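Student: Pasting a structure below so you can have a look.
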Amino acid sequence: MAEMFSYAFMRHALLAAVLTGALCSAVAFFVVLKRLSFLGVGISHTALAGIALGLVTGLDPFWCGSAFAVATALATGHISRRGQLYEDTVIGIFFAAGMALGVAMLSSLKGYYPEIFSLLFGNILSVSPADLRLLAAVAAPVLLFIALFFKELLAISFDEEAALASGLPVKPLYYGLLAAMALTVMISVKLVGIVLASALLVIPAAAGYRFSKNYRGMFLLSLATGIGGSAGGLILSYYLDLPSGAAIVLFMALLFAASLLCRPRSR
């Protein structure tokens, strides 16, 4: 273990894994409660269009992808809340359109772009100090939003109509949660890539849900699963010579499987 972290890039990777795991598990708590898991899948894949646009135009792929991800999340929420289409229908349309647009733009690129593979499947071992500062800069406002409005977000996740009747600003809170999801997905892309990013928005909270009987326990267990799963998957990838993104998701999936086998959730 000491030999593993004697390398600077492994220390950077571990710090990125812990930071991303904490952020994803905090947001995943509300994603699972409000049943927005499929939206996470749609956001992560639609972000491919923004990333491709950044590569084609020479702009920063992360910020282009973030803009597309946030726009997709807010547009989905707006269309579904107006009752024009069901939420899963809107997500399905944006999912397909975003992927198609991304593939079309990437096909116009000439030459070899190794960052495309990294964005699709993640490459946490390439995280630099500048990347860590970027992760912290994006994670800080998302975590601050959750900390400041935790009770309000919990209220709209359990019963949106009751929250509205009690005078809570339901619509701004809902859109804020969607934007937080989108930014969290983009941070996860650096860790596990577009293909697997949505898993980090579901598995930690799902494991916590299985083990706990109240929301406090679920939140804490979600954090433990997210942080422990990210760090454990990174260590596993080092010793088994596996892709780090896949190892992190598989390790979290094993933790969730353990929650199913060890203790069924009480009714």
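Identifiers for the structure tokens are assigned positionally: chains receive A, B, ... in sequence, residues are indexed from 1 per chain, and ligands are indexed from 1 in the order shown.
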Please identify all polymer residues within 10 Å of Val70 in chain A, counting only C-alpha atoms, omitting same-chain residues fewer than 2 positions from it, and present them as a list in words.
Tutor: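 Counting only C-alpha atoms, the residues come to Ile43, Thr46, Ala47, Gly65, Ser66, Ala67, Phe68, Thr72, Ala73, Leu74, Ala75, Thr76, Tyr175, Gly176, Leu178, Ala179, Ala180, Met181, Ala182, Leu183, Val185 and Met186 of chain A.
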Student: With a distance cut-off of 7 Å and only C-alpha atoms, select the neighbouring residues of range 226-240 of chain A, excluding the residue or stretch itself and same-chain residues fewer than 4 positions from it, and output the selection as a PDB file with N, CA and C atoms, in the first residue's frame.
Tutor:
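What ended up in result26.pdb:
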ATOM      1  N   LEU A  14      -6.162   9.356  -5.620  1.00  0.00           N
ATOM      2  CA  LEU A  14      -6.894   9.039  -4.393  1.00  0.00           C
ATOM      3  C   LEU A  14      -7.671  10.253  -3.897  1.00  0.00           C
ATOM      4  N   ALA A  17     -10.620  10.697  -6.064  1.00  0.00           N
ATOM      5  CA  ALA A  17     -11.621   9.660  -5.796  1.00  0.00           C
ATOM      6  C   ALA A  17     -12.427   9.982  -4.549  1.00  0.00           C
ATOM      7  N   VAL A  18     -11.761  10.424  -3.490  1.00  0.00           N
ATOM      8  CA  VAL A  18     -12.444  10.750  -2.235  1.00  0.00           C
ATOM      9  C   VAL A  18     -13.363  11.955  -2.427  1.00  0.00           C
ATOM     10  N   GLY A  21     -16.239  10.903  -4.749  1.00  0.00           N
ATOM     11  CA  GLY A  21     -17.120   9.969  -4.046  1.00  0.00           C
ATOM     12  C   GLY A  21     -18.004  10.672  -3.040  1.00  0.00           C
ATOM     13  N   ALA A  22     -17.448  11.636  -2.308  1.00  0.00           N
ATOM     14  CA  ALA A  22     -18.240  12.385  -1.329  1.00  0.00           C
ATOM     15  C   ALA A  22     -19.317  13.212  -2.018  1.00  0.00           C
ATOM     16  N   CYS A  24     -20.654  12.814  -5.097  1.00  0.00           N
ATOM     17  CA  CYS A  24     -21.649  11.976  -5.773  1.00  0.00           C
ATOM     18  C   CYS A  24     -22.605  11.338  -4.778  1.00  0.00           C
ATOM     19  N   SER A  25     -22.091  10.878  -3.644  1.00  0.00           N
ATOM     20  CA  SER A  25     -22.955  10.216  -2.673  1.00  0.00           C
ATOM     21  C   SER A  25     -23.912  11.205  -2.022  1.00  0.00           C
ATOM     22  N   PRO A 204     -24.286   4.542  -4.376  1.00  0.00           N
ATOM     23  CA  PRO A 204     -24.046   4.833  -2.953  1.00  0.00           C
ATOM     24  C   PRO A 204     -25.322   4.996  -2.142  1.00  0.00           C
ATOM     25  N   SER A 222     -24.610   6.440   2.575  1.00  0.00           N
ATOM     26  CA  SER A 222     -24.347   6.823   1.193  1.00  0.00           C
ATOM     27  C   SER A 222     -22.963   7.452   1.069  1.00  0.00           C
ATOM     28  N   SER A 244      -9.370   1.946 -14.004  1.00  0.00           N
ATOM     29  CA  SER A 244      -9.779   2.495 -12.709  1.00  0.00           C
ATOM     30  C   SER A 244     -11.266   2.810 -12.648  1.00  0.00           C
ATOM     31  N   ALA A 247     -13.222  -0.394 -12.280  1.00  0.00           N
ATOM     32  CA  ALA A 247     -12.973  -1.000 -10.965  1.00  0.00           C
ATOM     33  C   ALA A 247     -13.747  -0.277  -9.873  1.00  0.00           C
ATOM     34  N   ILE A 248     -13.840   1.049  -9.961  1.00  0.00           N
ATOM     35  CA  ILE A 248     -14.568   1.823  -8.952  1.00  0.00           C
ATOM     36  C   ILE A 248     -16.054   1.476  -8.973  1.00  0.00           C
ATOM     37  N   PHE A 251     -16.600  -2.117  -7.725  1.00  0.00           N
ATOM     38  CA  PHE A 251     -16.434  -2.224  -6.274  1.00  0.00           C
ATOM     39  C   PHE A 251     -17.676  -1.698  -5.553  1.00  0.00           C
ATOM     40  N   MET A 252     -18.214  -0.586  -6.036  1.00  0.00           N
ATOM     41  CA  MET A 252     -19.453  -0.059  -5.449  1.00  0.00           C
ATOM     42  C   MET A 252     -20.614  -1.032  -5.663  1.00  0.00           C
TER      43      MET A 252
END
Student: For Val189 in chain A, please output as a list in words all residues within 8 Å (counting only C-alpha atoms; exclusion window: fewer than 2 positions along the same chain).
Tutor: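 Listed by chain and then number, they are Ser44, Leu119, Leu120, Phe121, Gly122, Val185, Met186, Ile187, Leu191, Val192, Gly193, Ile194, Leu196 and Ala197 of chain A.
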Student: Could you save the residues just selected, with C-alpha atoms, as a PDB file, in the first residue's frame?
Tutor:
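Result file follows (result.pdb):
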ATOM      1  CA  SER A  44     -24.176  11.977 -18.624  1.00  0.00           C
ATOM      2  CA  LEU A 119     -13.728  11.126 -21.408  1.00  0.00           C
ATOM      3  CA  LEU A 120     -15.755   8.086 -22.415  1.00  0.00           C
ATOM      4  CA  PHE A 121     -14.254   5.641 -19.901  1.00  0.00           C
ATOM      5  CA  GLY A 122     -12.455   7.840 -17.394  1.00  0.00           C
ATOM      6  CA  VAL A 185     -22.076  14.126 -13.477  1.00  0.00           C
ATOM      7  CA  MET A 186     -19.387  16.192 -15.179  1.00  0.00           C
ATOM      8  CA  ILE A 187     -17.054  15.791 -12.208  1.00  0.00           C
ATOM      9  CA  LEU A 191     -13.254   9.674 -12.577  1.00  0.00           C
ATOM     10  CA  VAL A 192     -15.138   6.961 -14.467  1.00  0.00           C
ATOM     11  CA  GLY A 193     -16.059   8.498 -17.842  1.00  0.00           C
ATOM     12  CA  ILE A 194     -19.366   9.318 -19.522  1.00  0.00           C
ATOM     13  CA  LEU A 196     -20.234   4.951 -16.119  1.00  0.00           C
ATOM     14  CA  ALA A 197     -20.769   8.376 -14.508  1.00  0.00           C
TER      15      ALA A 197
END
Student: Mind checking which residues fall within 12 Å of Arg133 in chain A, counting only C-alpha atoms, ignoring those fewer than 5 positions away in the same chain, and posting them as JSON, numbers by chain?
Tutor: {"A": [12, 15, 16, 19, 127, 128, 138, 139, 140, 187]}
Student: If you keep N, CA and C atoms, can you produce a file of those selected residues as a CSV table (one decimal), in the first residue's frame?
Tutor:
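Below is the file part.csv, written as the result:
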chain,number,residue,atom,x,y,z
A,12,HIS,N,-2.7,11.9,-6.2
A,12,HIS,CA,-3.7,12.8,-6.8
A,12,HIS,C,-5.0,12.0,-7.1
A,15,LEU,N,-7.0,11.4,-3.9
A,15,LEU,CA,-7.7,12.6,-3.5
A,15,LEU,C,-8.9,12.9,-4.4
A,16,ALA,N,-8.8,12.7,-5.7
A,16,ALA,CA,-9.9,12.9,-6.6
A,16,ALA,C,-11.0,11.9,-6.4
A,19,LEU,N,-12.9,13.0,-3.1
A,19,LEU,CA,-13.7,14.2,-3.3
A,19,LEU,C,-14.9,13.9,-4.2
A,127,VAL,N,-5.2,12.6,-13.4
A,127,VAL,CA,-5.6,13.8,-12.7
A,127,VAL,C,-4.4,14.6,-12.2
A,128,SER,N,-4.4,15.9,-12.5
A,128,SER,CA,-3.3,16.8,-12.2
A,128,SER,C,-3.7,17.7,-11.0
A,138,VAL,N,-15.8,23.2,-8.4
A,138,VAL,CA,-17.1,22.8,-8.8
A,138,VAL,C,-17.9,22.1,-7.6
A,139,ALA,N,-17.1,21.3,-6.9
A,139,ALA,CA,-17.8,20.6,-5.8
A,139,ALA,C,-18.2,21.5,-4.7
A,140,ALA,N,-17.5,22.6,-4.4
A,140,ALA,CA,-17.8,23.4,-3.3
A,140,ALA,C,-19.1,24.1,-3.3
A,187,ILE,N,-18.2,16.1,-13.1
A,187,ILE,CA,-17.1,15.8,-12.2
A,187,ILE,C,-16.8,14.3,-12.3
Student: Between CA of Pro172 in chain A and CA of His78 in chain A, what is the distance, to one decimal in Å?
Tutor: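 CA of His78 in chain A lies 11.1 Å from CA of Pro172 in chain A.
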Student: Counting only C-alpha atoms, give me one row per residue of range 95-156 of chain A with an atom at most 12 Å from an atom of range 212-217 of chain A, showing the shortest contact pair and its distance in Å to one decimal, sorted by chain then residue number, as a tab-separated table.
Tutor:
residue	atom	partner	partner_atom	distance
A:Phe150	CA	A:Arg216	CA	11.3
A:Lys151	CA	A:Tyr215	CA	10.9
A:Leu154	CA	A:Tyr215	CA	8.9
A:Ala155	CA	A:Tyr215	CA	11.5
Student: Identify all residues of range 61-120 of chain A in helix (DSSP H, G or I) (DSSP on the backbone) and supply them as a ChimeraX atom specification.
Tutor: /A:61-81,87-106,114-120
Student: What's around Ala253 in chain A at 8 Å? Count only C-alpha atoms, leave out sequence neighbours fewer than 4 positions away in its own chain, and write the answer as a PyMOL selection string.
Tutor: chain A and resi 203+249+257
Student: Mind giving me the straight-line distance from CA of Leu132 in chain A to CA of Leu33 in chain A in Å, one decimal?
Tutor: 29.3 Å
Student: Give me, as a PyMOL selection string, all polymer residues having an atom no more than 12 Å from Ala104 in chain A, counting only C-alpha atoms and skipping those fewer than 3 positions away in the same chain.
Tutor: chain A and resi 48-50+52-53+56+97-101+107-109
